[in-house]
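query_5.tsv follows; it contains TSV, C-alpha atoms.
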chain	number	residue	atom	x	y	z
A	97	MET	CA	-20.18	-76.91	43.66
A	98	ALA	CA	-20.21	-74.67	40.59
A	99	SER	CA	-22.52	-71.69	40.79
A	100	LEU	CA	-25.41	-71.33	38.38
A	101	PRO	CA	-24.84	-69.00	35.43
A	102	ASN	CA	-26.49	-65.64	35.50
A	103	ILE	CA	-29.67	-65.97	33.45
A	104	GLY	CA	-30.90	-62.43	33.70
A	105	PRO	CA	-33.15	-61.10	30.91
A	106	GLU	CA	-30.25	-59.50	29.03
A	107	ASN	CA	-28.44	-62.84	28.94
A	108	ILE	CA	-31.55	-64.73	27.81
A	109	THR	CA	-32.11	-62.33	24.91
A	110	ALA	CA	-28.49	-62.51	23.81
A	111	ASN	CA	-28.42	-66.29	24.12
A	112	LEU	CA	-31.63	-66.68	22.12
A	113	ILE	CA	-30.33	-64.47	19.33
A	114	ILE	CA	-27.17	-66.56	19.21
A	115	ALA	CA	-29.28	-69.75	19.17
A	116	VAL	CA	-31.38	-68.46	16.23
A	117	LEU	CA	-28.29	-67.61	14.21
A	118	ALA	CA	-26.55	-70.85	15.12
A	119	THR	CA	-29.62	-72.92	14.11
A	120	ALA	CA	-29.90	-71.13	10.78
A	121	ILE	CA	-26.19	-71.56	10.03
A	122	ILE	CA	-26.11	-75.24	11.01
A	123	MET	CA	-29.20	-76.08	8.94
A	124	PHE	CA	-27.87	-74.10	5.99
A	125	VAL	CA	-24.59	-76.02	6.18
A	126	ILE	CA	-26.34	-79.40	6.37
A	127	ASN	CA	-28.73	-78.58	3.51
A	128	PHE	CA	-25.87	-77.21	1.43
A	129	ALA	CA	-23.73	-80.28	2.11
A	130	VAL	CA	-26.49	-82.67	1.03
A	131	LEU	CA	-27.36	-80.69	-2.11
A	132	PHE	CA	-23.72	-80.18	-3.06
A	133	TYR	CA	-23.03	-83.88	-2.61
A	134	ILE	CA	-25.80	-84.61	-5.08
A	135	SER	CA	-25.31	-81.78	-7.60
A	136	LYS	CA	-21.68	-80.71	-7.26
A	137	ASN	CA	-22.96	-77.20	-8.02
A	138	PRO	CA	-22.05	-74.78	-5.22
A	139	PHE	CA	-24.11	-71.83	-6.43
A	140	ALA	CA	-27.31	-73.72	-6.93
A	141	SER	CA	-26.72	-75.58	-3.68
A	142	SER	CA	-26.34	-72.27	-1.77
A	143	TYR	CA	-29.44	-70.82	-3.32
A	144	PHE	CA	-31.64	-73.79	-2.61
A	145	ALA	CA	-30.15	-74.39	0.85
A	146	THR	CA	-31.25	-70.84	1.69
A	147	THR	CA	-34.72	-71.21	0.20
A	148	LEU	CA	-35.20	-74.46	2.09
A	149	LEU	CA	-34.75	-72.49	5.33
A	150	PHE	CA	-37.21	-69.76	4.52
A	151	ASP	CA	-39.76	-71.37	2.25
A	152	TYR	CA	-42.96	-72.03	4.21
A	153	GLY	CA	-44.38	-74.39	1.60
A	154	GLY	CA	-42.10	-77.25	2.48
A	155	ILE	CA	-39.61	-79.12	0.46
A	156	ASP	CA	-40.60	-80.94	-2.69
A	157	GLU	CA	-38.97	-82.35	-5.74
A	158	ALA	CA	-39.56	-79.15	-7.73
A	159	GLN	CA	-37.25	-77.22	-5.39
A	160	VAL	CA	-34.35	-79.59	-5.76
A	161	PHE	CA	-35.00	-80.51	-9.43
A	162	PRO	CA	-33.11	-77.44	-10.80
A	163	VAL	CA	-30.13	-78.54	-8.77
A	164	VAL	CA	-30.22	-82.15	-9.84
A	165	PRO	CA	-32.13	-82.36	-13.14
A	166	SER	CA	-30.72	-85.67	-14.07
A	167	PHE	CA	-30.69	-87.19	-10.68
A	168	SER	CA	-33.60	-89.29	-9.73
A	169	LEU	CA	-34.18	-88.42	-6.16
A	170	SER	CA	-34.78	-91.34	-3.98
A	171	PHE	CA	-37.50	-91.34	-1.40
A	172	ILE	CA	-34.92	-91.46	1.33
A	173	THR	CA	-33.15	-88.33	0.07
A	174	LEU	CA	-36.38	-86.40	-0.05
A	175	PHE	CA	-37.38	-87.75	3.36
A	176	VAL	CA	-34.10	-86.72	4.94
A	177	LEU	CA	-34.18	-83.27	3.34
A	178	GLY	CA	-37.78	-82.91	4.44
A	179	ILE	CA	-36.91	-83.75	8.03
A	180	LEU	CA	-34.03	-81.29	8.00
A	181	ASP	CA	-36.17	-78.63	6.42
A	182	GLY	CA	-38.99	-79.12	8.94
A	183	PHE	CA	-36.62	-79.11	11.87
A	184	ALA	CA	-34.92	-75.95	10.65
A	185	LYS	CA	-38.24	-74.16	10.22
A	186	ILE	CA	-39.56	-75.21	13.62
A	187	SER	CA	-36.32	-74.25	15.35
A	188	PHE	CA	-35.96	-71.01	13.49
A	189	ILE	CA	-39.54	-69.85	13.95
A	190	GLY	CA	-39.75	-71.06	17.55
A	191	VAL	CA	-36.53	-69.42	18.58
A	192	ALA	CA	-37.42	-66.23	16.69
A	193	ILE	CA	-40.77	-66.00	18.51
A	194	ALA	CA	-39.13	-66.69	21.87
A	195	SER	CA	-36.53	-63.99	21.23
A	196	PHE	CA	-39.22	-61.52	20.26
A	197	ILE	CA	-41.28	-62.24	23.36
A	198	SER	CA	-38.20	-62.06	25.53
A	199	LEU	CA	-37.28	-58.73	24.00
A	200	ILE	CA	-40.76	-57.28	24.55
A	201	SER	CA	-40.91	-58.46	28.14
A	202	SER	CA	-37.37	-57.51	28.90
A	203	ILE	CA	-37.10	-55.41	31.95
A	204	LYS	CA	-35.26	-52.60	30.28
A	205	ILE	CA	-38.11	-51.88	27.90
A	206	ARG	CA	-40.69	-52.04	30.71
A	207	GLU	CA	-38.53	-49.84	32.89
A	208	ARG	CA	-38.43	-47.27	30.11
A	209	ILE	CA	-42.22	-47.34	29.81
A	210	TYR	CA	-42.60	-46.88	33.58
A	211	SER	CA	-39.93	-44.19	33.72
A	212	LYS	CA	-41.66	-42.19	31.00
A	213	ARG	CA	-44.93	-42.27	32.96
A	214	ILE	CA	-43.22	-41.24	36.19
A	215	LEU	CA	-41.29	-38.43	34.51
A	216	GLY	CA	-44.64	-36.93	33.55
A	217	LEU	CA	-45.78	-36.62	37.16
A	218	LYS	CA	-45.82	-33.39	39.19
A	219	GLY	CA	-46.55	-32.83	42.86
A	220	HIS	CA	-46.27	-36.55	43.64
A	221	SER	CA	-44.79	-38.21	46.72
A	222	ILE	CA	-41.77	-40.50	46.55
A	223	LEU	CA	-41.55	-43.23	49.20
A	224	CYS	CA	-38.05	-44.64	49.52
A	225	GLY	CA	-37.66	-48.16	50.90
A	226	TYR	CA	-40.47	-50.71	51.07
A	227	ASN	CA	-41.55	-52.00	54.50
A	228	ARG	CA	-44.45	-51.88	56.92
A	229	LEU	CA	-44.13	-48.14	57.47
A	230	THR	CA	-44.17	-47.52	53.70
A	231	GLU	CA	-47.37	-49.58	53.35
A	232	GLU	CA	-49.12	-47.67	56.13
A	233	THR	CA	-47.94	-44.29	54.86
A	234	TYR	CA	-48.91	-45.10	51.28
A	235	LYS	CA	-52.51	-45.71	52.43
A	236	ARG	CA	-52.69	-42.34	54.13
A	237	LEU	CA	-51.03	-40.03	51.64
A	238	LYS	CA	-53.12	-38.23	49.04
A	239	GLY	CA	-52.15	-37.76	45.42
A	240	GLU	CA	-49.82	-39.70	43.16
A	241	LYS	CA	-47.15	-41.81	44.80
A	242	VAL	CA	-44.02	-43.56	43.56
A	243	ILE	CA	-42.22	-46.23	45.58
A	244	ILE	CA	-38.51	-46.85	45.23
A	245	CYS	CA	-37.59	-50.39	46.23
A	246	GLU	CA	-34.24	-52.11	45.94
A	247	ASN	CA	-35.70	-55.55	45.34
A	248	GLN	CA	-36.71	-56.11	41.70
A	249	ASP	CA	-39.19	-58.90	42.54
A	250	VAL	CA	-40.96	-56.74	45.13
A	251	THR	CA	-41.04	-53.88	42.61
A	252	GLU	CA	-42.77	-56.14	40.07
A	253	GLU	CA	-45.31	-57.23	42.70
A	254	LEU	CA	-46.06	-53.62	43.60
A	255	ARG	CA	-46.64	-52.82	39.95
A	256	ASP	CA	-48.94	-55.83	39.64
A	257	LEU	CA	-50.94	-54.30	42.52
A	258	GLY	CA	-51.31	-51.10	40.52
A	259	MET	CA	-48.69	-49.00	42.31
A	260	GLU	CA	-46.04	-46.93	40.58
A	261	ALA	CA	-42.72	-48.42	41.58
A	262	ILE	CA	-39.17	-48.35	40.37
A	263	SER	CA	-36.31	-50.52	41.47
A	264	GLY	CA	-32.96	-49.22	42.60
A	265	ALA	CA	-31.01	-47.82	45.52
A	266	PHE	CA	-32.65	-44.56	46.66
A	267	THR	CA	-29.29	-43.30	47.91
A	268	LYS	CA	-28.21	-42.88	44.28
A	269	LYS	CA	-28.88	-39.62	42.48
A	270	GLU	CA	-29.88	-41.29	39.20
A	271	VAL	CA	-32.52	-43.42	40.95
A	272	LEU	CA	-34.09	-40.36	42.57
A	273	GLU	CA	-33.98	-38.65	39.19
A	274	ARG	CA	-35.80	-41.61	37.62
A	275	ALA	CA	-38.45	-41.09	40.29
A	276	ASN	CA	-38.68	-37.46	39.13
A	277	ALA	CA	-37.52	-36.10	42.48
A	278	LYS	CA	-37.16	-32.51	41.30
A	279	ASN	CA	-40.91	-32.33	40.61
A	280	ALA	CA	-41.98	-34.22	43.74
A	281	LYS	CA	-43.96	-32.46	46.44
A	282	SER	CA	-42.61	-34.82	49.12
A	283	ILE	CA	-39.78	-37.30	49.40
A	284	LEU	CA	-39.99	-39.78	52.27
A	285	PHE	CA	-37.00	-41.82	53.36
A	286	LEU	CA	-38.65	-44.70	55.25
A	287	SER	CA	-36.07	-47.46	55.19
A	288	GLU	CA	-35.21	-49.32	58.40
A	289	ASN	CA	-31.59	-48.30	57.83
A	290	GLN	CA	-31.32	-44.76	59.19
A	291	LEU	CA	-27.89	-44.16	57.65
A	292	ASP	CA	-29.28	-44.91	54.20
A	293	ASN	CA	-32.12	-42.52	54.97
A	294	LEU	CA	-29.65	-39.79	55.87
A	295	LEU	CA	-27.62	-40.43	52.74
A	296	GLY	CA	-30.78	-40.27	50.66
A	297	LEU	CA	-31.72	-37.01	52.39
A	298	ILE	CA	-28.41	-35.37	51.48
A	299	THR	CA	-28.70	-36.52	47.85
A	300	ALA	CA	-32.34	-35.46	47.56
A	301	ARG	CA	-31.78	-32.00	49.02
A	302	LYS	CA	-29.36	-31.19	46.23
A	303	ILE	CA	-31.65	-32.22	43.39
A	304	ALA	CA	-35.02	-31.28	44.95
A	305	PRO	CA	-34.51	-28.13	47.01
A	306	LYS	CA	-38.26	-27.34	47.15
A	307	SER	CA	-39.54	-30.81	48.10
A	308	ARG	CA	-40.59	-31.56	51.66
A	309	ILE	CA	-38.39	-34.30	53.01
A	310	VAL	CA	-39.32	-36.84	55.69
A	311	VAL	CA	-36.64	-38.96	57.32
A	312	ARG	CA	-37.19	-42.04	59.45
A	313	LEU	CA	-34.74	-42.54	62.29
A	314	LYS	CA	-34.21	-45.17	64.94
A	315	ASP	CA	-32.03	-42.97	67.12
A	316	GLU	CA	-33.59	-39.66	68.15
A	317	SER	CA	-30.15	-38.21	68.85
A	318	LEU	CA	-29.62	-37.93	65.07
A	319	ALA	CA	-32.63	-35.62	64.71
A	320	GLY	CA	-30.52	-32.45	65.00
A	321	LYS	CA	-28.09	-33.59	62.30
A	322	SER	CA	-30.99	-34.56	60.05
A	323	ARG	CA	-32.61	-31.16	60.35
A	324	ARG	CA	-29.31	-29.43	59.59
A	325	ALA	CA	-28.98	-31.64	56.52
A	326	GLY	CA	-32.37	-30.44	55.33
A	327	ALA	CA	-35.04	-32.79	56.70
A	328	ASP	CA	-38.43	-31.16	57.23
A	329	VAL	CA	-39.99	-33.98	59.25
A	330	ILE	CA	-38.23	-36.51	61.48
A	331	ILE	CA	-40.05	-39.71	62.30
A	332	VAL	CA	-39.12	-42.25	64.97
A	333	PRO	CA	-41.95	-44.82	64.84
A	334	GLU	CA	-41.48	-46.02	68.42
A	335	ALA	CA	-41.60	-42.43	69.65
A	336	SER	CA	-44.81	-41.86	67.68
A	337	ALA	CA	-46.29	-44.93	69.36
A	338	ALA	CA	-45.11	-43.72	72.78
A	339	ASN	CA	-46.81	-40.40	72.14
A	340	GLU	CA	-50.06	-42.18	71.33
A	341	ALA	CA	-49.76	-44.40	74.40
A	342	ALA	CA	-49.02	-41.41	76.64
A	343	GLU	CA	-52.07	-39.53	75.25
A	344	GLU	CA	-54.22	-42.51	76.16
A	345	LEU	CA	-52.74	-42.71	79.66
A	346	TYR	CA	-53.25	-38.94	80.26
A	347	ARG	CA	-56.85	-39.28	79.05
A	348	VAL	CA	-57.48	-42.12	81.48
A	349	ALA	CA	-55.82	-40.18	84.31
A	350	LYS	CA	-58.30	-37.26	84.00
B	766	MET	CA	-52.76	-41.37	88.51
B	767	SER	CA	-50.38	-42.59	91.20
B	768	LYS	CA	-48.28	-45.19	89.48
B	769	VAL	CA	-47.53	-46.49	86.01
B	770	ILE	CA	-45.39	-49.55	85.33
B	771	VAL	CA	-43.49	-49.60	82.02
B	772	CYS	CA	-42.33	-53.05	80.93
B	773	GLY	CA	-39.32	-52.70	78.64
B	774	PHE	CA	-36.95	-49.75	78.20
B	775	GLY	CA	-36.29	-49.84	74.44
B	776	THR	CA	-36.98	-46.86	72.18
B	777	PHE	CA	-40.71	-47.02	72.85
B	778	GLY	CA	-40.43	-47.62	76.59
B	779	LYS	CA	-37.80	-44.89	77.01
B	780	ALA	CA	-39.84	-42.29	75.11
B	781	LEU	CA	-42.98	-43.18	77.09
B	782	THR	CA	-41.14	-43.04	80.44
B	783	LYS	CA	-39.79	-39.56	79.62
B	784	MET	CA	-43.26	-38.30	78.71
B	785	LEU	CA	-44.81	-39.73	81.85
B	786	ARG	CA	-42.07	-38.22	84.01
B	787	GLU	CA	-42.51	-34.84	82.31
B	788	HIS	CA	-46.10	-34.98	83.50
B	789	GLY	CA	-44.97	-35.83	87.02
B	790	ILE	CA	-46.38	-39.36	86.96
B	791	ASN	CA	-44.67	-41.94	89.21
B	792	THR	CA	-43.14	-44.50	86.93
B	793	VAL	CA	-41.56	-47.90	87.55
B	794	VAL	CA	-39.54	-49.39	84.72
B	795	ILE	CA	-38.93	-53.13	84.39
B	796	ASP	CA	-36.10	-54.27	82.12
B	797	ALA	CA	-33.88	-57.34	81.95
B	798	LYS	CA	-30.75	-55.24	81.23
B	799	LYS	CA	-29.11	-54.16	84.46
B	800	GLU	CA	-26.93	-51.62	82.61
B	801	LEU	CA	-30.02	-49.48	81.92
B	802	GLU	CA	-30.48	-48.71	85.61
B	803	GLU	CA	-28.62	-45.37	85.55
B	804	THR	CA	-30.39	-44.18	82.42
B	805	VAL	CA	-33.76	-45.04	83.93
B	806	LYS	CA	-32.94	-43.26	87.17
B	807	GLU	CA	-31.91	-40.14	85.24
B	808	THR	CA	-35.52	-39.86	84.07
B	809	GLY	CA	-36.66	-39.94	87.68
B	810	ALA	CA	-38.28	-43.33	87.36
B	811	TYR	CA	-37.67	-46.38	89.58
B	812	PHE	CA	-35.92	-49.40	88.11
B	813	ILE	CA	-36.65	-53.09	88.60
B	814	ASN	CA	-34.18	-55.45	86.97
B	815	GLY	CA	-35.92	-58.54	85.71
B	816	ASP	CA	-37.86	-60.28	82.98
B	817	ALA	CA	-41.30	-58.69	82.62
B	818	THR	CA	-42.76	-61.98	81.33
B	819	ASN	CA	-42.06	-63.45	84.77
B	820	LEU	CA	-45.00	-63.12	87.20
B	821	GLU	CA	-42.60	-62.71	90.13
B	822	THR	CA	-40.99	-59.68	88.49
B	823	LEU	CA	-44.40	-58.02	88.10
B	824	LYS	CA	-45.09	-58.75	91.77
B	825	ARG	CA	-41.76	-57.15	92.75
B	826	ALA	CA	-42.87	-54.04	90.84
B	827	ARG	CA	-46.16	-54.14	92.81
B	828	ALA	CA	-48.20	-54.48	89.64
B	829	GLU	CA	-51.31	-55.21	91.71
B	830	ASP	CA	-51.21	-51.57	92.96
B	831	ALA	CA	-50.51	-49.88	89.63
B	832	ASP	CA	-53.04	-47.59	87.97
B	833	ALA	CA	-51.69	-48.39	84.53
B	834	ILE	CA	-49.28	-50.86	82.99
B	835	ALA	CA	-47.58	-50.11	79.67
B	836	ILE	CA	-46.14	-53.13	77.87
B	837	ALA	CA	-43.32	-52.10	75.59
B	838	LEU	CA	-41.34	-55.19	74.64
B	839	ASP	CA	-40.16	-55.77	71.06
B	840	ASP	CA	-41.71	-59.17	70.71
B	841	ASP	CA	-45.48	-59.54	70.19
B	842	ALA	CA	-45.64	-62.96	71.80
B	843	LYS	CA	-43.88	-61.68	74.94
B	844	ASN	CA	-46.18	-58.67	75.08
B	845	LEU	CA	-49.19	-61.00	74.97
B	846	PHE	CA	-47.74	-63.02	77.82
B	847	VAL	CA	-47.15	-59.93	79.95
B	848	VAL	CA	-50.71	-58.70	79.29
B	849	ILE	CA	-52.10	-62.02	80.54
B	850	ASN	CA	-49.93	-61.93	83.69
B	851	ALA	CA	-50.62	-58.25	84.37
B	852	ARG	CA	-54.37	-58.75	84.04
B	853	THR	CA	-54.18	-61.73	86.37
B	854	LEU	CA	-52.49	-59.59	89.06
B	855	ASN	CA	-54.51	-56.42	88.52
B	856	LYS	CA	-58.11	-56.45	87.30
B	857	LYS	CA	-58.54	-52.68	87.32
B	858	ALA	CA	-55.37	-51.19	85.85
B	859	VAL	CA	-55.41	-49.67	82.38
B	860	ILE	CA	-53.16	-51.82	80.21
B	861	VAL	CA	-51.60	-50.24	77.14
B	862	ALA	CA	-49.61	-52.60	74.93
B	863	ARG	CA	-47.37	-52.18	71.95
B	864	VAL	CA	-47.79	-54.58	69.01
B	865	ASN	CA	-46.10	-54.94	65.63
B	866	GLU	CA	-48.49	-57.21	63.74
B	867	GLU	CA	-52.15	-56.45	63.09
B	868	PHE	CA	-53.34	-60.00	63.74
B	869	VAL	CA	-51.94	-59.95	67.29
B	870	LYS	CA	-53.86	-56.79	68.20
B	871	GLU	CA	-57.17	-58.62	68.74
B	872	LYS	CA	-55.45	-61.24	70.87
B	873	LEU	CA	-54.01	-58.56	73.15
B	874	ILE	CA	-57.44	-57.01	73.59
B	875	GLU	CA	-58.95	-60.40	74.36
B	876	ALA	CA	-56.16	-61.05	76.88
B	877	GLY	CA	-57.07	-57.87	78.74
B	878	ALA	CA	-55.30	-54.91	77.12
B	879	ASN	CA	-57.39	-51.72	77.08
B	880	TYR	CA	-55.47	-50.01	74.31
B	881	VAL	CA	-53.01	-51.23	71.69
B	882	VAL	CA	-50.50	-49.07	69.83
B	883	MET	CA	-48.79	-50.01	66.57
B	884	PRO	CA	-45.62	-48.01	65.94
B	885	MET	CA	-45.80	-48.11	62.14
B	886	LYS	CA	-49.44	-47.01	62.06
B	887	ALA	CA	-48.77	-44.26	64.59
B	888	ALA	CA	-45.78	-43.07	62.55
B	889	ALA	CA	-47.69	-43.17	59.26
B	890	LYS	CA	-50.50	-41.13	60.80
B	891	GLU	CA	-48.02	-38.58	62.09
B	892	ILE	CA	-46.30	-38.32	58.71
B	893	ALA	CA	-49.58	-37.75	56.90
B	894	GLU	CA	-50.66	-35.10	59.44
B	895	GLU	CA	-47.32	-33.29	59.27
B	896	LEU	CA	-47.33	-33.20	55.48
B	897	GLU	CA	-50.95	-32.04	55.45
B	898	ARG	CA	-50.02	-29.17	57.76
B	899	MET	CA	-47.16	-27.97	55.54
Conversion result in structure tokens:
Amino acid sequence: MASLPNIGPENITANLIIAVLATAIIMFVINFAVLFYISKNPFASSYFATTLLFDYGGIDEAQVFPVVPSFSLSFITLFVLGILDGFAKISFIGVAIASFISLISSIKIRERIYSKRILGLKGHSILCGYNRLTEETYKRLKGEKVIICENQDVTEELRDLGMEAISGAFTKKEVLERANAKNAKSILFLSENQLDNLLGLITARKIAPKSRIVVRLKDESLAGKSRRAGADVIIVPEASAANEAAEELYRVAK
Amino acid sequence: MSKVIVCGFGTFGKALTKMLREHGINTVVIDAKKELEETVKETGAYFINGDATNLETLKRARAEDADAIAIALDDDAKNLFVVINARTLNKKAVIVARVNEEFVKEKLIEAGANYVVMPMKAAAKEIAEELERM
């Protein structure tokens, strides 16, 4: 079974632009062919074929009269030219509007708007990886926060909820830079993948030497390596829960 | 406190067992994986090989005599089951249970758990406190 074509926003915009141009060319050719057939005058036919595309008033005998002064246009000719003219206008305008809307809503433009806002932040926290721990931590942290999430759909949902979010792999330097890591007060690597967290830590330490870095681990034995790599806080959620449970058991034992 | 039973020796159960042993508390660990026996014994705790959701396994661990039972399995549904069985065997013990989803928390309390811990909430709280301190 053939796979579906990639219809990402860049492809839609490009395809719509091609469709607009193709529609205009096809309608020009048809209009020119009809007018030339009648008048045998290529220059006048070109001129009026073009005006038929762009004139909002609609086709009438006055437009084609200069081309065919001695030709008595039949109703059918006018009707056909009118249909072609109307179709061309509807297609052209419709496709032009769709292209414009697509361009405005294209992700690249929105990403640029978001990036500009984020690049203006200072002393914010960057939360890398979106999961349950990120949600809970987001609620508790004070100040401005930016979430880095690999999934574009989740990123859009977070933005719809009013959160600053950018999409991308937090292990990459350019993604951390888009999140304005060098001006961040804290960078938290909270993904469920501890190796990605460690990779992110190493990358972040180079570009944000003053930021406080938190790293989530699953295996406590990696804590030493993480500290040597520059982590300020190591978090193992299950160990945090065990600590809380133990506190409760000691309290009950007293 | 004379005896605590820890059901499950994953990351949570292991960390809890170590803390309890550091405080000199007698601890019995129940886990289905036999290969964990040596690791458990290194902490100074006793090991019972078996499925904690099974009432017979809890009886083998003498759950009816325990002062506290900590339920540390990965699966919320299993934890709920163990809470019900543990409460059936022991009306007085303090039951501390681990849960992942918020909506299960109330069910565990209704089933007889005295205290419920959520790893992600506990971790988030710790992160916020650590960053506040810095």
Show me which bits of chain A are within 12 Å of chain B, counting all atoms listed in the file, as a compact mmCIF listing (two decimals) with C-alpha atoms, in the coordinates of the input.
# COMPACT_ATOMS: atom_id res chain seq x y z
CA SER A 221 -44.79 -38.21 46.72
CA LEU A 223 -41.55 -43.23 49.20
CA ASN A 227 -41.55 -52.00 54.50
CA ARG A 228 -44.45 -51.88 56.92
CA LEU A 229 -44.13 -48.14 57.47
CA THR A 230 -44.17 -47.52 53.70
CA GLU A 231 -47.37 -49.58 53.35
CA GLU A 232 -49.12 -47.67 56.13
CA THR A 233 -47.94 -44.29 54.86
CA TYR A 234 -48.91 -45.10 51.28
CA LYS A 235 -52.51 -45.71 52.43
CA ARG A 236 -52.69 -42.34 54.13
CA LEU A 237 -51.03 -40.03 51.64
CA LYS A 238 -53.12 -38.23 49.04
CA GLY A 239 -52.15 -37.76 45.42
CA LYS A 281 -43.96 -32.46 46.44
CA SER A 282 -42.61 -34.82 49.12
CA ILE A 283 -39.78 -37.30 49.40
CA LEU A 284 -39.99 -39.78 52.27
CA PHE A 285 -37.00 -41.82 53.36
CA LEU A 286 -38.65 -44.70 55.25
CA SER A 287 -36.07 -47.46 55.19
CA GLU A 288 -35.21 -49.32 58.40
CA SER A 307 -39.54 -30.81 48.10
CA ARG A 308 -40.59 -31.56 51.66
CA ILE A 309 -38.39 -34.30 53.01
CA VAL A 310 -39.32 -36.84 55.69
CA VAL A 311 -36.64 -38.96 57.32
CA ARG A 312 -37.19 -42.04 59.45
CA LEU A 313 -34.74 -42.54 62.29
CA LYS A 314 -34.21 -45.17 64.94
CA ASP A 315 -32.03 -42.97 67.12
CA GLU A 316 -33.59 -39.66 68.15
CA SER A 317 -30.15 -38.21 68.85
CA ASP A 328 -38.43 -31.16 57.23
CA VAL A 329 -39.99 -33.98 59.25
CA ILE A 330 -38.23 -36.51 61.48
CA ILE A 331 -40.05 -39.71 62.30
CA VAL A 332 -39.12 -42.25 64.97
CA PRO A 333 -41.95 -44.82 64.84
CA GLU A 334 -41.48 -46.02 68.42
CA ALA A 335 -41.60 -42.43 69.65
CA SER A 336 -44.81 -41.86 67.68
CA ALA A 337 -46.29 -44.93 69.36
CA ALA A 338 -45.11 -43.72 72.78
CA ASN A 339 -46.81 -40.40 72.14
CA GLU A 340 -50.06 -42.18 71.33
CA ALA A 341 -49.76 -44.40 74.40
CA ALA A 342 -49.02 -41.41 76.64
CA GLU A 343 -52.07 -39.53 75.25
CA GLU A 344 -54.22 -42.51 76.16
CA LEU A 345 -52.74 -42.71 79.66
CA TYR A 346 -53.25 -38.94 80.26
CA ARG A 347 -56.85 -39.28 79.05
CA VAL A 348 -57.48 -42.12 81.48
CA ALA A 349 -55.82 -40.18 84.31
CA LYS A 350 -58.30 -37.26 84.00
- request: For Ile222 in chain A, list every protein, DNA or RNA residue within 8 Å, evaluated using all atoms listed in the file, and leave out those in the same chain fewer than 3 positions away; present the list as JSON, numbers by chain.
  value: {"A": [241, 242, 243, 244, 275, 277, 280, 282, 283, 284]}
Counting all atoms listed in the file, the option among B:Lys872, B:Ala817, B:Glu800, B:Ala810 closest to Gly773 in chain B: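 The answer is B:Ala817, which sits nearest to Gly773 in chain B.
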- request: Quick one: everything within 9 Å of Lys799 in chain B, counting all atoms listed in the file, minus sequence neighbours fewer than 6 positions away in the same chain. Send it as a list of chain:residue names.
  value: B:Ile813, B:Asn814, B:Gly815
Padded axis-aligned box of range 766-782 of chain B (8 Å per side), centre and edge lengths, Å, one decimal, as JSON:
{"center_x": -44.5, "center_y": -47.2, "center_z": 81.7, "size_x": 32.5, "size_y": 27.7, "size_z": 35.0}
message: As an exercise, work out the distance from CA of Asn289 in chain A to CA of Leu318 in chain A in Å and give it to one decimal place.
response: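 Answer for the CA of Asn289 in chain A to CA of Leu318 in chain A separation: 12.8 Å.
Within 10 Å of the point (-44.6, -59.5, 72.1), counting all atoms listed in the file, the protein and nucleic acid residues come to Thr818, Ile836, Ala837, Leu838, Asp839, Asp840, Asp841, Ala842, Lys843, Asn844, Leu845, Phe846, Val847, Val848, Ala862, Arg863, Val864, Asn865, Glu866, Val869 and Leu873 of chain B.
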Go ahead and dump the residues you just picked, C-alpha atoms, as an mmCIF file, in the coordinates of the input.
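What ended up in part_29.cif:
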data_model
loop_
_atom_site.group_PDB
_atom_site.id
_atom_site.type_symbol
_atom_site.label_atom_id
_atom_site.label_comp_id
_atom_site.auth_asym_id
_atom_site.auth_seq_id
_atom_site.Cartn_x
_atom_site.Cartn_y
_atom_site.Cartn_z
ATOM 1 C CA THR B 818 -42.760 -61.980 81.330
ATOM 2 C CA ILE B 836 -46.140 -53.130 77.870
ATOM 3 C CA ALA B 837 -43.320 -52.100 75.590
ATOM 4 C CA LEU B 838 -41.340 -55.190 74.640
ATOM 5 C CA ASP B 839 -40.160 -55.770 71.060
ATOM 6 C CA ASP B 840 -41.710 -59.170 70.710
ATOM 7 C CA ASP B 841 -45.480 -59.540 70.190
ATOM 8 C CA ALA B 842 -45.640 -62.960 71.800
ATOM 9 C CA LYS B 843 -43.880 -61.680 74.940
ATOM 10 C CA ASN B 844 -46.180 -58.670 75.080
ATOM 11 C CA LEU B 845 -49.190 -61.000 74.970
ATOM 12 C CA PHE B 846 -47.740 -63.020 77.820
ATOM 13 C CA VAL B 847 -47.150 -59.930 79.950
ATOM 14 C CA VAL B 848 -50.710 -58.700 79.290
ATOM 15 C CA ALA B 862 -49.610 -52.600 74.930
ATOM 16 C CA ARG B 863 -47.370 -52.180 71.950
ATOM 17 C CA VAL B 864 -47.790 -54.580 69.010
ATOM 18 C CA ASN B 865 -46.100 -54.940 65.630
ATOM 19 C CA GLU B 866 -48.490 -57.210 63.740
ATOM 20 C CA VAL B 869 -51.940 -59.950 67.290
ATOM 21 C CA LEU B 873 -54.010 -58.560 73.150
#
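Atom pair CA of Asp796 in chain B / CA of Leu854 in chain B has a distance of 18.6 Å (rounded to one decimal).
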task: Work out how far CA of Ala327 in chain A is from CA of Leu254 in chain A, in Å to one decimal.
output: 27.0 Å
